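First comes the structure, then the notes that go with it.
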Amino acid sequence: MLMIDTLLVSPLGEISLAAMGIATTIIAFILGIQIALANGTQLVLSRAVGSGHQENLNKAFVSGVIINGLTSLLFWLLLSVFDQVLIESLTDNLSLHIEIASYLNITKYVILFTAITQVIIALFNGLGKSRIPFKGYLIELPINALASYLYTDV
């Protein structure tokens with residue numbers, strides 16, 4: 001995803017590319033935490049599948065969604081309230097501030113969506129149905145590329 005964004009944003013100039021790099025670093029940090037939480041959930045889900053206890057599987061899935069969802073909501077709130085403080089601590093270039101804030105204002109909603117999808121992917125992997133998330137990625141990549149292309153024209 002970042003490679004596609006870089007390819008599409010680089011013709012817009014240094015400021016846009018630097019802003020995207022800074023903003024995606026922030027988002028990638030949050031997504032890394034989400035993926036780590038989902039991987040932990042996958043371990044619990046796999047044990048529940050292996051033991052054959054449907055109730056444990058349901059509890060583990062709901063717990064994973066709640067934990068990942070609340071963590072993502074916390075980061076979303078932090079980005080909504082403290083985005084300028086964070087941006088100002090990362091760079092003193094005022095033209096970068098505007099573009100970073102613009103990028104974060106859109107991508108911060110991605111973390112809310114991925115909170116759920118990461119746990120769903122963990123569930124499918126725990127159930128041994130790893131082809132379903134793979135097919136999802138095959139659908140997601142062209143959509144991301146198209147969205148990135150359309151966003152760069154705005």
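Following the order of the structure tokens, chains are lettered A, B, ..., residues in each are numbered from 1, and ligands are numbered from 1.
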* **Exercise: stretch 101-107 of chain A partners within 8 Å, only C-alpha atoms, chain neighbours under 5 positions left out, as a list of chain:residue names** =>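 Neighbouring residues, sequence-local ones excluded: A:Ala19, A:Met20, A:Ala23, A:Ile27, A:Leu79, A:Ser80, A:Asp83, A:Gln84, A:Ile87.
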* **Straight-line distance linking atom CA of A:Phe113 with atom CA of A:Thr6, stated in Å to one decimal** =>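 Taking atom CA of A:Phe113 and atom CA of A:Thr6, their separation equals 22.1 Å.
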Within 8 Å of stretch 45-47 of chain A, counting only C-alpha atoms, which residues show up once you throw out same-chain ones fewer than 4 positions away? Write them as a PDB file with N, CA and C atoms, in the first residue's frame, please.
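Done, and the output landed in result.pdb:
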```pdb
ATOM      1  N   THR A  41      -4.570 -12.579  19.617  1.00  0.00           N
ATOM      2  CA  THR A  41      -5.928 -13.122  19.563  1.00  0.00           C
ATOM      3  C   THR A  41      -5.950 -14.418  18.765  1.00  0.00           C
ATOM      4  N   SER A  51      -9.280 -27.173  20.792  1.00  0.00           N
ATOM      5  CA  SER A  51      -9.959 -27.852  21.897  1.00  0.00           C
ATOM      6  C   SER A  51     -11.403 -28.208  21.540  1.00  0.00           C
ATOM      7  N   ASN A  56     -15.591 -21.018  23.838  1.00  0.00           N
ATOM      8  CA  ASN A  56     -14.296 -20.357  24.000  1.00  0.00           C
ATOM      9  C   ASN A  56     -13.902 -19.594  22.739  1.00  0.00           C
ATOM     10  N   LEU A  57     -14.228 -20.158  21.592  1.00  0.00           N
ATOM     11  CA  LEU A  57     -13.944 -19.490  20.319  1.00  0.00           C
ATOM     12  C   LEU A  57     -14.722 -18.186  20.223  1.00  0.00           C
ATOM     13  N   ALA A  60     -13.256 -15.646  22.702  1.00  0.00           N
ATOM     14  CA  ALA A  60     -11.962 -15.140  22.243  1.00  0.00           C
ATOM     15  C   ALA A  60     -12.135 -14.136  21.107  1.00  0.00           C
ATOM     16  N   PHE A  61     -13.050 -14.426  20.191  1.00  0.00           N
ATOM     17  CA  PHE A  61     -13.282 -13.509  19.075  1.00  0.00           C
ATOM     18  C   PHE A  61     -13.845 -12.178  19.575  1.00  0.00           C
ATOM     19  N   ALA A 122      -7.557 -12.982  11.886  1.00  0.00           N
ATOM     20  CA  ALA A 122      -7.037 -13.914  12.899  1.00  0.00           C
ATOM     21  C   ALA A 122      -7.995 -15.081  13.100  1.00  0.00           C
ATOM     22  N   LEU A 123      -9.294 -14.802  13.077  1.00  0.00           N
ATOM     23  CA  LEU A 123     -10.288 -15.874  13.220  1.00  0.00           C
ATOM     24  C   LEU A 123     -10.187 -16.864  12.062  1.00  0.00           C
ATOM     25  N   GLY A 126      -7.062 -18.870  12.422  1.00  0.00           N
ATOM     26  CA  GLY A 126      -7.214 -19.830  13.520  1.00  0.00           C
ATOM     27  C   GLY A 126      -8.082 -21.014  13.140  1.00  0.00           C
ATOM     28  N   LEU A 127      -9.066 -20.754  12.270  1.00  0.00           N
ATOM     29  CA  LEU A 127      -9.945 -21.828  11.791  1.00  0.00           C
ATOM     30  C   LEU A 127      -9.311 -22.643  10.670  1.00  0.00           C
TER      31      LEU A 127
END
```
* Asked: Excluding same-chain residues fewer than 3 positions from A:Leu73, what lies within 10 Å of it counting only C-alpha atoms, as a VMD selection string?
  -> chain A and resid 67 to 70 76 to 79 108 to 109 111 to 112 115
Residues from last step as file, N, CA and C atoms, as an mmCIF file, in the first residue's frame:
```cif
data_model
loop_
_atom_site.group_PDB
_atom_site.id
_atom_site.type_symbol
_atom_site.label_atom_id
_atom_site.label_comp_id
_atom_site.auth_asym_id
_atom_site.auth_seq_id
_atom_site.Cartn_x
_atom_site.Cartn_y
_atom_site.Cartn_z
ATOM 1 N N ILE A 67 -10.884 -5.605 22.502
ATOM 2 C CA ILE A 67 -9.547 -5.097 22.840
ATOM 3 C C ILE A 67 -8.975 -4.298 21.678
ATOM 4 N N ASN A 68 -9.021 -4.861 20.474
ATOM 5 C CA ASN A 68 -8.470 -4.161 19.314
ATOM 6 C C ASN A 68 -9.299 -2.919 18.992
ATOM 7 N N GLY A 69 -10.605 -3.022 19.132
ATOM 8 C CA GLY A 69 -11.471 -1.883 18.857
ATOM 9 C C GLY A 69 -11.244 -0.731 19.824
ATOM 10 N N LEU A 70 -11.152 -1.043 21.107
ATOM 11 C CA LEU A 70 -10.921 0.010 22.098
ATOM 12 C C LEU A 70 -9.540 0.647 21.939
ATOM 13 N N TRP A 76 -7.457 6.712 17.707
ATOM 14 C CA TRP A 76 -8.231 7.634 16.885
ATOM 15 C C TRP A 76 -8.499 8.932 17.655
ATOM 16 N N LEU A 77 -8.888 8.782 18.909
ATOM 17 C CA LEU A 77 -9.141 9.959 19.745
ATOM 18 C C LEU A 77 -7.869 10.778 19.957
ATOM 19 N N LEU A 78 -6.758 10.083 20.216
ATOM 20 C CA LEU A 78 -5.482 10.779 20.389
ATOM 21 C C LEU A 78 -5.089 11.541 19.127
ATOM 22 N N LEU A 79 -5.280 10.901 17.968
ATOM 23 C CA LEU A 79 -4.977 11.582 16.707
ATOM 24 C C LEU A 79 -5.927 12.742 16.455
ATOM 25 N N LYS A 108 -6.796 8.247 9.625
ATOM 26 C CA LYS A 108 -7.105 7.839 10.999
ATOM 27 C C LYS A 108 -8.383 7.003 11.056
ATOM 28 N N TYR A 109 -9.238 7.133 10.053
ATOM 29 C CA TYR A 109 -10.448 6.309 10.001
ATOM 30 C C TYR A 109 -10.132 4.874 9.582
ATOM 31 N N ILE A 111 -7.766 3.086 10.762
ATOM 32 C CA ILE A 111 -7.430 2.284 11.942
ATOM 33 C C ILE A 111 -8.671 1.742 12.644
ATOM 34 N N LEU A 112 -9.787 2.447 12.538
ATOM 35 C CA LEU A 112 -11.028 1.930 13.127
ATOM 36 C C LEU A 112 -11.516 0.709 12.355
ATOM 37 N N ALA A 115 -9.193 -2.418 12.849
ATOM 38 C CA ALA A 115 -9.296 -3.049 14.168
ATOM 39 C C ALA A 115 -10.145 -4.308 14.082
#
```
* Skipping near chain neighbours, those fewer than 4 positions away, what residues fall within 10 Å of A:Pro133 using only C-alpha atoms, listed as a list of chain:residue names? -> A:Thr117, A:Gln118, A:Ile120, A:Ile121, A:Ala122, A:Leu123, A:Phe124, A:Asn125, A:Lys129, A:Tyr137, A:Leu138, A:Ile139
Generate the output file for the selected residues, C-alpha atoms, as a PDB file, in the first residue's frame.
```pdb
ATOM      1  CA  THR A 117     -10.657  -6.760  10.023  1.00  0.00           C
ATOM      2  CA  GLN A 118      -7.418  -7.811  11.736  1.00  0.00           C
ATOM      3  CA  ILE A 120     -11.530 -11.385  11.534  1.00  0.00           C
ATOM      4  CA  ILE A 121      -8.353 -12.362   9.667  1.00  0.00           C
ATOM      5  CA  ALA A 122      -7.037 -13.914  12.899  1.00  0.00           C
ATOM      6  CA  LEU A 123     -10.288 -15.874  13.220  1.00  0.00           C
ATOM      7  CA  PHE A 124     -10.048 -17.267   9.691  1.00  0.00           C
ATOM      8  CA  ASN A 125      -6.385 -18.150  10.194  1.00  0.00           C
ATOM      9  CA  LYS A 129      -9.213 -20.935   6.415  1.00  0.00           C
ATOM     10  CA  TYR A 137      -6.084  -8.923   0.148  1.00  0.00           C
ATOM     11  CA  LEU A 138      -6.342  -9.624  -3.577  1.00  0.00           C
ATOM     12  CA  ILE A 139      -9.541  -7.563  -3.632  1.00  0.00           C
TER      13      ILE A 139
END
```
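Between atom CA of A:Ile26 and atom CA of A:Gly136 the interatomic distance comes to 24.4 Å.
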